[in-house]
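Student: This one is my_file20.csv, CSV, C-alpha atoms and all ligand atoms.
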chain,number,residue,atom,x,y,z
A,1,MET,CA,0.0,0.0,0.0
A,2,ASN,CA,1.4,3.4,-0.9
A,3,ASN,CA,-0.2,5.2,2.0
A,4,ILE,CA,2.1,3.4,4.5
A,5,LEU,CA,5.0,5.5,5.8
A,6,THR,CA,7.7,4.3,8.2
A,7,LEU,CA,9.5,6.0,11.0
A,8,PRO,CA,11.9,4.8,13.7
A,9,GLY,CA,10.3,4.1,17.1
A,10,LEU,CA,9.9,7.6,18.6
A,11,ILE,CA,11.6,9.1,21.6
A,12,ASP,CA,9.6,11.0,24.2
A,13,CYS,CA,12.2,12.9,26.1
A,14,HIS,CA,9.9,14.0,28.9
A,15,VAL,CA,7.5,11.7,30.8
A,16,HIS,CA,6.3,11.1,34.3
A,17,PHE,CA,5.5,7.5,34.9
A,18,ARG,CA,4.7,7.8,38.6
A,19,GLU,CA,6.5,4.7,39.8
A,20,PRO,CA,7.4,4.3,42.6
A,21,GLY,CA,5.0,6.0,45.0
A,22,MET,CA,2.1,7.2,42.9
A,23,GLU,CA,1.1,3.9,41.2
A,24,HIS,CA,-2.6,4.9,41.5
A,25,LYS,CA,-1.9,7.4,38.7
A,26,GLY,CA,0.3,5.3,36.6
A,27,THR,CA,3.0,2.6,36.6
A,28,MET,CA,5.9,1.9,34.4
A,29,ALA,CA,3.9,-0.9,32.9
A,30,THR,CA,0.7,1.1,32.2
A,31,GLU,CA,2.4,4.2,31.0
A,32,SER,CA,4.9,2.4,28.8
A,33,ALA,CA,1.9,0.6,27.2
A,34,ALA,CA,0.5,4.1,26.5
A,35,ALA,CA,3.8,5.2,25.0
A,36,TYR,CA,4.1,2.1,22.9
A,37,ALA,CA,0.6,2.6,21.5
A,38,GLY,CA,1.7,6.1,20.5
A,39,GLY,CA,4.7,4.8,18.6
A,40,VAL,CA,7.1,5.8,21.3
A,41,ARG,CA,9.8,3.2,22.0
A,42,THR,CA,12.3,5.2,24.2
A,43,VAL,CA,11.3,7.6,27.1
A,44,CYS,CA,13.2,9.8,29.5
A,45,GLU,CA,11.4,9.7,32.8
A,46,MET,CA,11.5,12.5,35.4
A,47,PRO,CA,12.7,12.3,39.0
A,48,ASN,CA,9.6,13.7,40.9
A,49,THR,CA,8.4,10.2,42.0
A,50,ASN,CA,8.1,9.2,45.6
A,51,PRO,CA,10.8,8.7,46.8
A,52,PRO,CA,12.3,11.2,44.4
A,53,THR,CA,15.2,10.0,42.2
A,54,VAL,CA,17.8,12.0,44.1
A,55,SER,CA,20.0,9.1,45.5
A,56,ILE,CA,21.8,6.2,44.0
A,57,GLU,CA,19.5,3.9,46.0
A,58,ALA,CA,16.3,5.4,44.5
A,59,PHE,CA,17.9,5.4,41.0
A,60,GLN,CA,18.8,1.7,41.4
A,61,ASP,CA,15.3,0.9,42.4
A,62,LYS,CA,13.9,2.5,39.3
A,63,VAL,CA,16.4,0.7,37.1
A,64,ARG,CA,15.4,-2.7,38.6
A,65,ARG,CA,11.7,-1.9,37.9
A,66,ALA,CA,12.5,-0.7,34.4
A,67,GLU,CA,14.3,-4.0,33.6
A,68,LYS,CA,10.9,-5.7,33.7
A,69,ILE,CA,9.5,-3.5,30.9
A,70,HIS,CA,10.5,-4.9,27.5
A,71,ASP,CA,8.8,-3.0,24.7
A,72,VAL,CA,9.7,0.5,25.8
A,73,ASP,CA,13.3,1.5,26.8
A,74,ILE,CA,12.9,3.6,30.0
A,75,ARG,CA,15.8,6.0,30.8
A,76,PHE,CA,15.8,8.3,33.8
A,77,PHE,CA,16.8,11.7,34.9
A,78,PHE,CA,18.4,12.3,38.3
A,79,GLY,CA,16.9,15.1,40.4
A,80,ALA,CA,18.4,17.5,42.9
A,81,THR,CA,17.0,19.8,45.5
A,82,GLU,CA,20.1,19.8,47.7
A,83,ALA,CA,23.9,19.8,47.2
A,84,GLY,CA,24.1,16.2,48.5
A,85,HIS,CA,21.9,15.0,45.6
A,86,ILE,CA,24.4,16.4,43.1
A,87,GLN,CA,27.2,14.4,44.8
A,88,GLU,CA,25.0,11.3,44.4
A,89,PHE,CA,24.5,12.1,40.8
A,90,ARG,CA,28.2,12.5,40.3
A,91,LYS,CA,28.7,9.0,41.7
A,92,ALA,CA,25.9,7.5,39.6
A,93,TRP,CA,27.4,9.1,36.5
A,94,SER,CA,30.6,7.1,37.1
A,95,MET,CA,28.8,3.8,37.6
A,96,PRO,CA,28.5,1.9,34.2
A,97,GLU,CA,25.5,-0.2,35.2
A,98,LEU,CA,23.6,3.0,36.1
A,99,ARG,CA,24.9,5.1,33.2
A,100,LYS,CA,23.0,2.8,30.8
A,101,ARG,CA,19.8,4.3,32.1
A,102,LEU,CA,21.0,7.7,33.3
A,103,VAL,CA,20.2,10.5,30.9
A,104,GLY,CA,21.4,13.5,32.9
A,105,MET,CA,20.1,15.8,35.6
A,106,LYS,CA,16.7,17.5,35.9
A,107,ILE,CA,16.2,20.6,38.1
A,108,PHE,CA,13.2,22.7,38.8
A,109,PHE,CA,13.5,26.5,39.1
A,110,ASP,CA,10.1,26.6,40.9
A,111,HIS,CA,8.0,24.0,42.6
A,112,SER,CA,5.6,21.9,40.5
A,113,THR,CA,4.2,18.4,41.2
A,114,GLY,CA,6.5,16.8,43.7
A,115,ASP,CA,7.9,20.1,45.1
A,116,GLN,CA,11.4,19.7,43.6
A,117,GLY,CA,12.1,23.5,43.3
A,118,ALA,CA,15.8,24.1,43.9
A,119,ASN,CA,17.5,27.2,45.4
A,120,THR,CA,19.9,29.4,43.5
A,121,ALA,CA,23.0,27.7,45.0
A,122,VAL,CA,21.9,24.2,44.1
A,123,ILE,CA,21.0,25.3,40.6
A,124,GLU,CA,24.4,26.9,40.1
A,125,GLU,CA,26.1,23.7,41.4
A,126,ALA,CA,24.1,21.6,39.0
A,127,PHE,CA,25.2,23.7,36.0
A,128,LYS,CA,28.8,23.4,37.3
A,129,VAL,CA,28.9,19.7,37.9
A,130,CYS,CA,27.0,18.8,34.8
A,131,ALA,CA,29.5,20.8,32.7
A,132,GLU,CA,32.4,19.1,34.4
A,133,LEU,CA,30.9,15.6,33.8
A,134,GLY,CA,29.7,16.4,30.3
A,135,ALA,CA,26.2,15.4,31.4
A,136,PRO,CA,23.0,17.0,29.9
A,137,LEU,CA,21.1,19.3,32.3
A,138,VAL,CA,17.4,19.8,31.8
A,139,ALA,CA,15.5,22.5,33.6
A,140,HIS,CA,11.9,23.4,34.3
A,141,CYS,CA,12.2,27.1,33.8
A,142,GLU,CA,9.7,29.1,35.8
A,143,ASP,CA,10.9,31.8,38.3
A,144,ALA,CA,9.7,31.1,41.8
A,145,ALA,CA,9.7,34.8,42.9
A,146,ILE,CA,7.7,36.1,39.8
A,147,ASN,CA,5.2,33.2,40.2
A,148,ALA,CA,4.8,34.0,43.9
A,149,GLU,CA,4.3,37.7,43.2
A,150,ALA,CA,1.8,37.1,40.4
A,151,ARG,CA,-0.1,34.7,42.6
A,152,GLU,CA,-0.4,37.2,45.5
A,153,LEU,CA,-1.5,39.9,43.1
A,154,MET,CA,-4.3,37.6,41.7
A,155,LEU,CA,-5.4,36.6,45.2
A,156,ASP,CA,-5.6,40.3,46.1
A,157,GLN,CA,-7.7,41.1,43.1
A,158,VAL,CA,-10.4,38.4,43.2
A,159,SER,CA,-12.6,37.7,46.2
A,160,GLU,CA,-12.7,34.0,45.6
A,161,ALA,CA,-10.0,32.4,43.5
A,162,THR,CA,-11.7,29.4,41.9
A,163,ASP,CA,-11.4,30.1,38.2
A,164,VAL,CA,-8.9,27.8,36.7
A,165,SER,CA,-7.8,30.2,34.0
A,166,LEU,CA,-6.2,32.3,36.8
A,167,HIS,CA,-3.6,29.6,36.9
A,168,SER,CA,-2.1,31.0,33.6
A,169,LEU,CA,-2.0,34.5,35.2
A,170,MET,CA,-0.4,33.1,38.4
A,171,ARG,CA,2.5,31.6,36.4
A,172,PRO,CA,3.0,34.3,33.8
A,173,CYS,CA,5.2,34.3,30.6
A,174,ALA,CA,7.7,36.7,32.3
A,175,SER,CA,8.4,34.0,34.9
A,176,GLU,CA,9.5,31.6,32.2
A,177,ALA,CA,11.6,34.2,30.5
A,178,ARG,CA,13.4,35.2,33.8
A,179,ALA,CA,14.3,31.6,34.6
A,180,ILE,CA,15.6,31.0,31.1
A,181,GLU,CA,17.7,34.2,31.3
A,182,GLN,CA,19.2,33.0,34.6
A,183,ALA,CA,19.8,29.5,33.1
A,184,LEU,CA,21.4,30.9,30.0
A,185,SER,CA,23.7,33.0,32.0
A,186,LEU,CA,24.9,29.9,33.9
A,187,THR,CA,25.3,28.1,30.6
A,188,ARG,CA,27.5,30.9,29.4
A,189,THR,CA,29.6,30.8,32.6
A,190,TYR,CA,30.1,27.0,32.8
A,191,GLY,CA,29.5,25.7,29.3
A,192,THR,CA,26.9,23.2,30.4
A,193,GLN,CA,25.0,21.2,27.8
A,194,PHE,CA,21.6,22.7,28.8
A,195,HIS,CA,18.1,21.8,27.6
A,196,ILE,CA,15.0,23.7,28.4
A,197,ALA,CA,11.9,21.6,29.1
A,198,HIS,CA,8.5,22.4,27.8
A,199,LEU,CA,9.2,25.9,26.5
A,200,SER,CA,5.8,27.7,26.3
A,201,THR,CA,6.3,31.4,25.4
A,202,ALA,CA,7.3,33.7,22.6
A,203,LEU,CA,9.9,35.3,24.9
A,204,GLY,CA,11.4,32.0,25.7
A,205,ILE,CA,11.7,31.1,22.0
A,206,GLU,CA,13.3,34.5,21.3
A,207,LEU,CA,15.9,33.9,24.1
A,208,VAL,CA,16.8,30.5,22.8
A,209,ARG,CA,17.0,31.7,19.2
A,210,ASP,CA,19.5,34.4,20.4
A,211,ALA,CA,21.4,32.0,22.6
A,212,LYS,CA,21.9,29.6,19.7
A,213,LYS,CA,23.1,32.5,17.5
A,214,GLU,CA,25.6,33.3,20.3
A,215,GLY,CA,26.8,29.7,20.1
A,216,LEU,CA,25.6,28.6,23.6
A,217,PRO,CA,25.2,24.8,23.9
A,218,VAL,CA,21.4,25.2,24.5
A,219,THR,CA,18.5,23.1,23.2
A,220,CYS,CA,14.8,23.1,24.0
A,221,GLU,CA,11.6,21.1,23.7
A,222,VAL,CA,7.9,22.1,23.4
A,223,THR,CA,4.9,20.0,24.4
A,224,PRO,CA,2.0,18.9,22.3
A,225,HIS,CA,-0.4,20.6,24.8
A,226,HIS,CA,1.3,24.0,24.3
A,227,LEU,CA,1.2,23.4,20.5
A,228,PHE,CA,-2.4,22.4,20.4
A,229,LEU,CA,-4.2,24.0,23.3
A,230,THR,CA,-4.5,27.6,24.6
A,231,ILE,CA,-6.2,29.4,27.5
A,232,ASP,CA,-9.4,29.3,25.4
A,233,ASP,CA,-9.5,25.6,26.1
A,234,TYR,CA,-10.1,26.1,29.9
A,235,GLU,CA,-13.7,26.5,28.9
A,236,THR,CA,-14.0,22.9,27.9
A,237,LEU,CA,-11.2,21.4,29.9
A,238,SER,CA,-11.6,23.2,33.2
A,239,ALA,CA,-9.0,21.9,35.7
A,240,ARG,CA,-8.1,19.1,33.3
A,241,GLY,CA,-6.3,21.9,31.4
A,242,LYS,CA,-4.1,22.8,34.4
A,243,MET,CA,-0.4,22.1,34.0
A,244,ASN,CA,3.0,23.8,34.6
A,245,PRO,CA,4.0,25.8,32.7
A,246,PRO,CA,0.3,26.7,32.1
A,247,LEU,CA,-1.7,27.1,28.9
A,248,ARG,CA,-0.9,30.3,27.1
A,249,THR,CA,-2.6,32.6,24.6
A,250,ALA,CA,-2.9,31.8,20.9
A,251,GLN,CA,-0.1,34.4,20.3
A,252,GLU,CA,2.4,32.4,22.4
A,253,GLN,CA,1.2,29.2,20.7
A,254,LYS,CA,1.9,30.7,17.3
A,255,ALA,CA,5.5,31.6,18.4
A,256,LEU,CA,6.1,27.9,19.3
A,257,TRP,CA,5.1,26.8,15.8
A,258,GLN,CA,7.3,29.5,14.4
A,259,GLY,CA,10.1,28.1,16.6
A,260,ILE,CA,9.6,24.7,15.0
A,261,ALA,CA,9.6,26.2,11.5
A,262,ASP,CA,12.9,28.0,12.0
A,263,GLY,CA,14.6,25.2,13.8
A,264,THR,CA,14.8,27.0,17.2
A,265,VAL,CA,12.8,24.1,18.7
A,266,ASP,CA,14.8,20.9,18.9
A,267,CYS,CA,12.4,18.4,20.3
A,268,ILE,CA,8.8,17.7,21.1
A,269,GLY,CA,8.5,16.0,24.5
A,270,THR,CA,5.1,15.3,25.9
A,271,ASP,CA,5.5,16.0,29.6
A,272,HIS,CA,3.2,13.0,30.0
A,273,ALA,CA,1.9,13.6,33.5
A,274,PRO,CA,-1.1,11.4,34.4
A,275,HIS,CA,-3.4,12.3,37.3
A,276,LEU,CA,-6.7,10.6,37.9
A,277,LEU,CA,-9.8,12.4,36.7
A,278,GLN,CA,-11.0,12.2,40.3
A,279,GLU,CA,-8.0,14.2,41.4
A,280,LYS,CA,-8.4,16.7,38.6
A,281,GLU,CA,-12.1,17.3,39.2
A,282,SER,CA,-12.5,17.5,42.9
A,283,GLY,CA,-12.2,20.6,45.0
A,284,ASN,CA,-11.0,24.1,44.0
A,285,PRO,CA,-9.8,23.8,40.3
A,286,LEU,CA,-6.8,26.0,41.2
A,287,ALA,CA,-5.7,23.5,43.8
A,288,VAL,CA,-5.8,20.3,41.7
A,289,PRO,CA,-2.6,18.6,40.7
A,290,SER,CA,-1.0,20.0,37.5
A,291,GLY,CA,-0.3,17.8,34.5
A,292,VAL,CA,-1.9,16.1,31.5
A,293,PRO,CA,-1.3,12.8,29.8
A,294,GLY,CA,0.1,13.0,26.3
A,295,THR,CA,2.6,10.3,25.2
A,296,GLU,CA,0.0,8.2,23.4
A,297,THR,CA,-1.5,11.1,21.4
A,298,MET,CA,1.6,13.0,20.3
A,299,LEU,CA,2.1,11.1,17.0
A,300,PRO,CA,-1.5,11.3,15.7
A,301,LEU,CA,-1.8,15.0,16.6
A,302,LEU,CA,1.5,15.7,14.7
A,303,LEU,CA,0.6,13.4,11.8
A,304,THR,CA,-2.6,15.4,11.4
A,305,VAL,CA,-0.6,18.6,10.9
A,306,VAL,CA,1.8,16.7,8.5
A,307,ALA,CA,-1.3,15.9,6.5
A,308,GLY,CA,-2.2,19.6,6.3
A,309,GLY,CA,-4.9,19.4,8.9
A,310,TRP,CA,-5.5,20.9,12.3
A,311,PRO,CA,-6.9,18.4,14.9
A,312,HIS,CA,-8.4,21.0,17.3
A,313,PRO,CA,-12.2,21.2,16.9
A,314,ASN,CA,-11.7,25.0,16.7
A,315,GLY,CA,-10.7,24.6,13.0
A,316,LYS,CA,-7.5,25.9,11.5
A,317,SER,CA,-8.3,29.6,12.1
A,318,GLN,CA,-6.4,29.8,15.4
A,319,THR,CA,-3.0,28.7,14.5
A,320,GLY,CA,-2.7,29.1,10.8
A,321,ASN,CA,1.1,28.7,10.9
A,322,ALA,CA,1.0,25.2,12.2
A,323,LYS,CA,3.0,23.3,9.7
A,324,ILE,CA,5.4,20.3,9.7
A,325,SER,CA,6.7,17.7,7.4
A,326,MET,CA,7.4,14.0,8.0
A,327,ASP,CA,11.1,14.9,8.1
A,328,ASP,CA,10.4,17.5,10.8
A,329,LEU,CA,8.5,14.9,12.8
A,330,ARG,CA,11.4,12.5,12.6
A,331,ARG,CA,13.9,15.2,13.6
A,332,LEU,CA,11.7,16.5,16.6
A,333,CYS,CA,10.7,13.2,17.9
A,334,PHE,CA,13.7,11.0,17.1
A,335,THR,CA,16.9,12.3,15.7
A,336,ASN,CA,17.3,15.4,17.9
A,337,PRO,CA,16.4,13.9,21.3
A,338,ASN,CA,18.6,10.8,20.3
A,339,ARG,CA,21.6,13.1,19.8
A,340,ILE,CA,21.0,15.6,22.6
A,341,PHE,CA,20.6,12.9,25.3
A,342,ASN,CA,23.0,10.4,23.8
A,343,LEU,CA,20.3,7.7,23.8
A,344,ASN,CA,21.5,5.5,21.1
A,345,ALA,CA,18.0,4.5,20.2
A,346,PRO,CA,17.7,2.2,17.2
A,347,GLU,CA,17.2,4.0,13.9
A,348,GLU,CA,15.4,1.1,12.1
A,349,GLU,CA,12.1,2.1,10.7
A,350,VAL,CA,9.9,0.0,12.9
A,351,LEU,CA,6.7,2.1,12.8
A,352,GLN,CA,4.4,1.5,9.9
A,353,ILE,CA,1.8,4.2,9.7
A,354,ASP,CA,-1.3,4.4,7.5
A,355,THR,CA,-1.3,8.1,6.9
A,356,THR,CA,-4.7,8.3,5.4
A,357,ALA,CA,-6.6,6.5,8.2
A,358,GLU,CA,-8.8,8.9,10.3
A,359,TRP,CA,-9.9,8.2,13.9
A,360,GLU,CA,-11.2,9.9,17.0
A,361,ILE,CA,-9.3,10.2,20.2
A,362,HIS,CA,-11.2,8.8,23.2
A,363,GLY,CA,-9.6,8.7,26.7
A,364,GLU,CA,-11.3,5.4,27.6
A,365,GLU,CA,-9.6,3.7,24.6
A,366,LEU,CA,-6.1,5.0,25.5
A,367,HIS,CA,-3.7,3.0,27.6
A,368,SER,CA,-2.6,5.4,30.4
A,369,LYS,CA,-3.9,4.4,33.8
A,370,CYS,CA,-5.4,7.9,34.2
A,371,GLY,CA,-8.1,7.0,31.5
A,372,TRP,CA,-8.6,10.5,30.1
A,373,THR,CA,-7.1,12.9,27.5
A,374,PRO,CA,-7.3,16.6,27.0
A,375,TYR,CA,-8.0,15.8,23.3
A,376,GLU,CA,-11.3,14.0,23.9
A,377,GLY,CA,-13.2,13.6,20.7
A,378,TRP,CA,-10.6,15.2,18.4
A,379,ARG,CA,-10.4,13.8,14.9
A,380,VAL,CA,-6.8,12.8,13.9
A,381,ARG,CA,-5.0,11.3,10.9
A,382,GLY,CA,-2.5,8.5,10.9
A,383,LEU,CA,-2.8,5.1,12.4
A,384,LEU,CA,-0.1,2.6,13.4
A,385,ARG,CA,-0.4,-0.8,11.9
A,386,GLU,CA,-2.8,-2.9,14.1
A,387,SER,CA,-0.1,-5.1,15.5
A,388,GLN,CA,1.8,-2.0,16.7
A,389,GLN,CA,-1.1,-0.4,18.5
A,390,CYS,CA,-0.8,-2.0,21.8
A,391,LYS,CA,1.9,-3.6,23.8
A,392,HIS,CA,2.1,-7.4,23.9
A,393,THR,CA,4.5,-8.1,26.7
A,394,ALA,CA,4.8,-6.2,30.0
A,401,LIG,O1,2.1,20.0,34.8
A,401,LIG,C1,3.1,19.4,35.2
A,401,LIG,N1,3.0,18.2,35.7
A,401,LIG,N2,4.3,20.0,35.3
A,401,LIG,C2,5.3,19.5,36.0
A,401,LIG,O2,6.3,20.2,36.1
A,401,LIG,C3,5.2,18.2,36.7
A,401,LIG,C4,4.1,17.4,36.1
A,401,LIG,C5,3.7,16.3,37.0
A,401,LIG,O3,4.6,15.5,37.4
A,401,LIG,O4,2.5,16.1,37.3
A,402,ZN,ZN,7.5,17.4,33.5
Any chance you could put this one into structure tokens?
Tutor:
Amino acid sequence: MNNILTLPGLIDCHVHFREPGMEHKGTMATESAAAYAGGVRTVCEMPNTNPPTVSIEAFQDKVRRAEKIHDVDIRFFFGATEAGHIQEFRKAWSMPELRKRLVGMKIFFDHSTGDQGANTAVIEEAFKVCAELGAPLVAHCEDAAINAEARELMLDQVSEATDVSLHSLMRPCASEARAIEQALSLTRTYGTQFHIAHLSTALGIELVRDAKKEGLPVTCEVTPHHLFLTIDDYETLSARGKMNPPLRTAQEQKALWQGIADGTVDCIGTDHAPHLLQEKESGNPLAVPSGVPGTETMLPLLLTVVAGGWPHPNGKSQTGNAKISMDDLRRLCFTNPNRIFNLNAPEEEVLQIDTTAEWEIHGEELHSKCGWTPYEGWRVRGLLRESQQCKHTA
């Protein structure tokens, strides 16, 4: 059939699989089944589990668990909220049996799920040590002080803060820009191989574009949810649309697509962050946990754009500049993350995709333990061959 295209098994360089400690939201087995069904064969998993991955012991435990998962290759980031964690990371980096699964270090400039926000001294030490080791450093860039200030301001202005769209105002664009500026300044000082997670703003794109021109060793990723959703989606998603960094305006969204078009954006990583619907829908929407699932839906959403469509039910009007080719998809979801994180993922074209097939996304048919999706009912193009749609061995 001539409508079948092939791709290597994709890489999702940013996932939260919740194991250990939050297995009610997801496990390595359930979330890798979701990844597999989305054509993802290698993932980089984040350290905000319980216990957090900030010690050799916690890292070894994750490695042992990952050895039982066969269809998806799970690699891990090491976290740090204290100087001692960076020393543990240094040791782990020198241990060959751990290095096989150790991608690099992940730090948070502000708290998010798991409260792994680090202070300035720890952040600087992470840049220094990663540079020395030649290890990739990934950061969640939101400035704690700007977020705190914006939050106070909002709480002063509204009598009862229950509108979830306030979340976007409490974590403003300027906060991302400030954290990126600080990070780039540390990159300049130490020469760290630095990667910005889930870049979500026009200002952020501009800073990365300039930093690359300057020759700094910086790369970045954007998420499918920032590419396909905006603050207008709070209306249908309510607190299901709450994540960090938050949903932005259509203008910011446009800048992300522009960043893809001009090569400023290196990767698409999903920030797959399952939380149960129950957790997302009870109590004050502003207090529910942040995060959306995404690893299973990245490929069909992108294939729809490759086919010249726009999967959002709002029609193409909103982001007229969304455009990618199959080559872009391969670069963003395979070649670039493979190179940036030294993953050595196999390049064989194992995915077979019927590019003309159309289907509708329904949370209950997806594999994540959380059982929902922010793209409920969306019509997408591109289907993996049937035998590749779900995982056969755990
Ligand atoms: O929305 C988010 N969810 N952002 C993060 O930084 C963490 C993630 C999670 O683990 O739930
Ligand atoms: Zn994340």
Student: Please identify all polymer residues within 9 Å of Ser238 (chain A), counting only C-alpha atoms, omitting same-chain residues fewer than 6 positions from it, and present them as a ChimeraX atom specification.
Tutor: /A:163-165,281,285
Student: Using only C-alpha atoms, which protein or nucleic acid residues come within 9 Å of Glu132 (chain A)? Drop anything in the same chain fewer than 6 positions from it, and give the result as a list in words.
Tutor: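 Once the adjacent positions are removed, what remains is Tyr190, Gly191 and Thr192 of chain A.
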Student: In terms of the shortest atom-to-atom distance over all atoms listed in the file, which of A:Leu229, A:Met105, A:Cys130, A:Leu184 is closest to Lys212 (chain A)?
Tutor: A:Leu184
Student: Rank A:Asp156, A:Ile56, A:Gly134, A:Pro51 by their smallest atom-to-atom distance to Gly114 (chain A), using only C-alpha atoms, and report the top residue only.
Tutor: A:Pro51
Student: Pick out the closest residue to ligand LIG 401 (chain A) from this set: A:Ala183, A:Met28, A:Met243, A:Leu383. Count all atoms listed in the file.
Tutor: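 Closest to ligand LIG 401 (chain A) of all the choices is A:Met243.
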Student: Taking only C-alpha atoms and all ligand atoms into account, report as a JSON list (two decimals) with C-alpha atoms, keeping the file's coordinate frame which residues have an atom no farther than 9 Å from an atom of ligand LIG 401 (chain A).
Tutor:
[["chain", "number", "residue", "atom", "x", "y", "z"],
["A", 15, "VAL", "CA", 7.50, 11.70, 30.80],
["A", 16, "HIS", "CA", 6.30, 11.10, 34.30],
["A", 17, "PHE", "CA", 5.50, 7.50, 34.90],
["A", 18, "ARG", "CA", 4.70, 7.80, 38.60],
["A", 46, "MET", "CA", 11.50, 12.50, 35.40],
["A", 47, "PRO", "CA", 12.70, 12.30, 39.00],
["A", 48, "ASN", "CA", 9.60, 13.70, 40.90],
["A", 49, "THR", "CA", 8.40, 10.20, 42.00],
["A", 108, "PHE", "CA", 13.20, 22.70, 38.80],
["A", 110, "ASP", "CA", 10.10, 26.60, 40.90],
["A", 111, "HIS", "CA", 8.00, 24.00, 42.60],
["A", 112, "SER", "CA", 5.60, 21.90, 40.50],
["A", 113, "THR", "CA", 4.20, 18.40, 41.20],
["A", 114, "GLY", "CA", 6.50, 16.80, 43.70],
["A", 140, "HIS", "CA", 11.90, 23.40, 34.30],
["A", 198, "HIS", "CA", 8.50, 22.40, 27.80],
["A", 242, "LYS", "CA", -4.10, 22.80, 34.40],
["A", 243, "MET", "CA", -0.40, 22.10, 34.00],
["A", 244, "ASN", "CA", 3.00, 23.80, 34.60],
["A", 245, "PRO", "CA", 4.00, 25.80, 32.70],
["A", 246, "PRO", "CA", 0.30, 26.70, 32.10],
["A", 271, "ASP", "CA", 5.50, 16.00, 29.60],
["A", 272, "HIS", "CA", 3.20, 13.00, 30.00],
["A", 273, "ALA", "CA", 1.90, 13.60, 33.50],
["A", 274, "PRO", "CA", -1.10, 11.40, 34.40],
["A", 275, "HIS", "CA", -3.40, 12.30, 37.30],
["A", 289, "PRO", "CA", -2.60, 18.60, 40.70],
["A", 290, "SER", "CA", -1.00, 20.00, 37.50],
["A", 291, "GLY", "CA", -0.30, 17.80, 34.50],
["A", 292, "VAL", "CA", -1.90, 16.10, 31.50]]
Student: Around the point (-8.1, 8.5, 22.0), in the coordinates given by the file, pick out the residues reaching within 10 Å, counting all atoms listed in the file, and return them as a list in words.
Tutor: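 Nearby residues: Glu296, Thr297, Pro300, Trp359, Glu360, Ile361, His362, Gly363, Glu364, Glu365, Leu366, His367, Gly371, Trp372, Thr373, Pro374, Tyr375, Glu376, Gly377, Trp378, Arg379 and Val380 of chain A.
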Student: Skip Leu133 (chain A) itself and residues of its chain fewer than 2 positions away, then list as a PyMOL selection string all residues within 12 Å of it, counting all atoms listed in the file.
Tutor: chain A and resi 86-87+89-94+104-105+126-131+135-137+190-193
Student: Select, from A:Gly269, A:Pro311, A:Gly259, A:Gly382, the residue with the minimum atom-to-atom distance to ligand ZN 402 (chain A), counting all atoms listed in the file.
Tutor: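 Using all atoms listed in the file, the shortest distance to ligand ZN 402 (chain A) belongs to A:Gly269.
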Student: Expressed in Å to a single decimal, how great is the separation between CA of Arg101 (chain A) and CA of Pro224 (chain A)?
Tutor: 25.0 Å
Student: Nearest to Gly241 (chain A): which of A:His225, A:Asn314, A:Glu45, A:Ser368 is it, counting all atoms listed in the file?
Tutor: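 Residue with the minimum atom-to-atom distance to Gly241 (chain A): A:His225.
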Student: Please report the interatomic distance between CA of Met95 (chain A) and CA of Ala345 (chain A) in Å with one decimal.
Tutor: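 These atoms are spaced 20.5 Å apart.
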Student: I'd like to know which of A:Asp327, A:Ala58, A:Lys106, A:Ala35 is closest to Val72 (chain A), using only C-alpha atoms.
Tutor: A:Ala35
Student: Would you kindly return, as a ChimeraX atom specification, each protein, DNA or RNA residue with an atom no farther than 10 Å from any atom of Gln388 (chain A), considering only C-alpha atoms and excluding same-chain residues fewer than 6 positions away?
Tutor: /A:36-39,350-353
Student: Could you state the separation of CA of Cys333 (chain A) and CA of Pro217 (chain A) in Å, given to one decimal place?
Tutor: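 Atom-to-atom, CA of Cys333 (chain A) and CA of Pro217 (chain A) are spaced 19.5 Å apart.
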Student: Please return the centre and edge lengths, in Å to one decimal, of a box with edges along x, y and z that contains all listed atoms of region 347-352 of chain A, widened by 4 Å on every side, as AutoDock Vina command-line options.
Tutor:
--center_x 10.8 --center_y 2.0 --center_z 11.9 --size_x 20.8 --size_y 12.0 --size_z 12.0
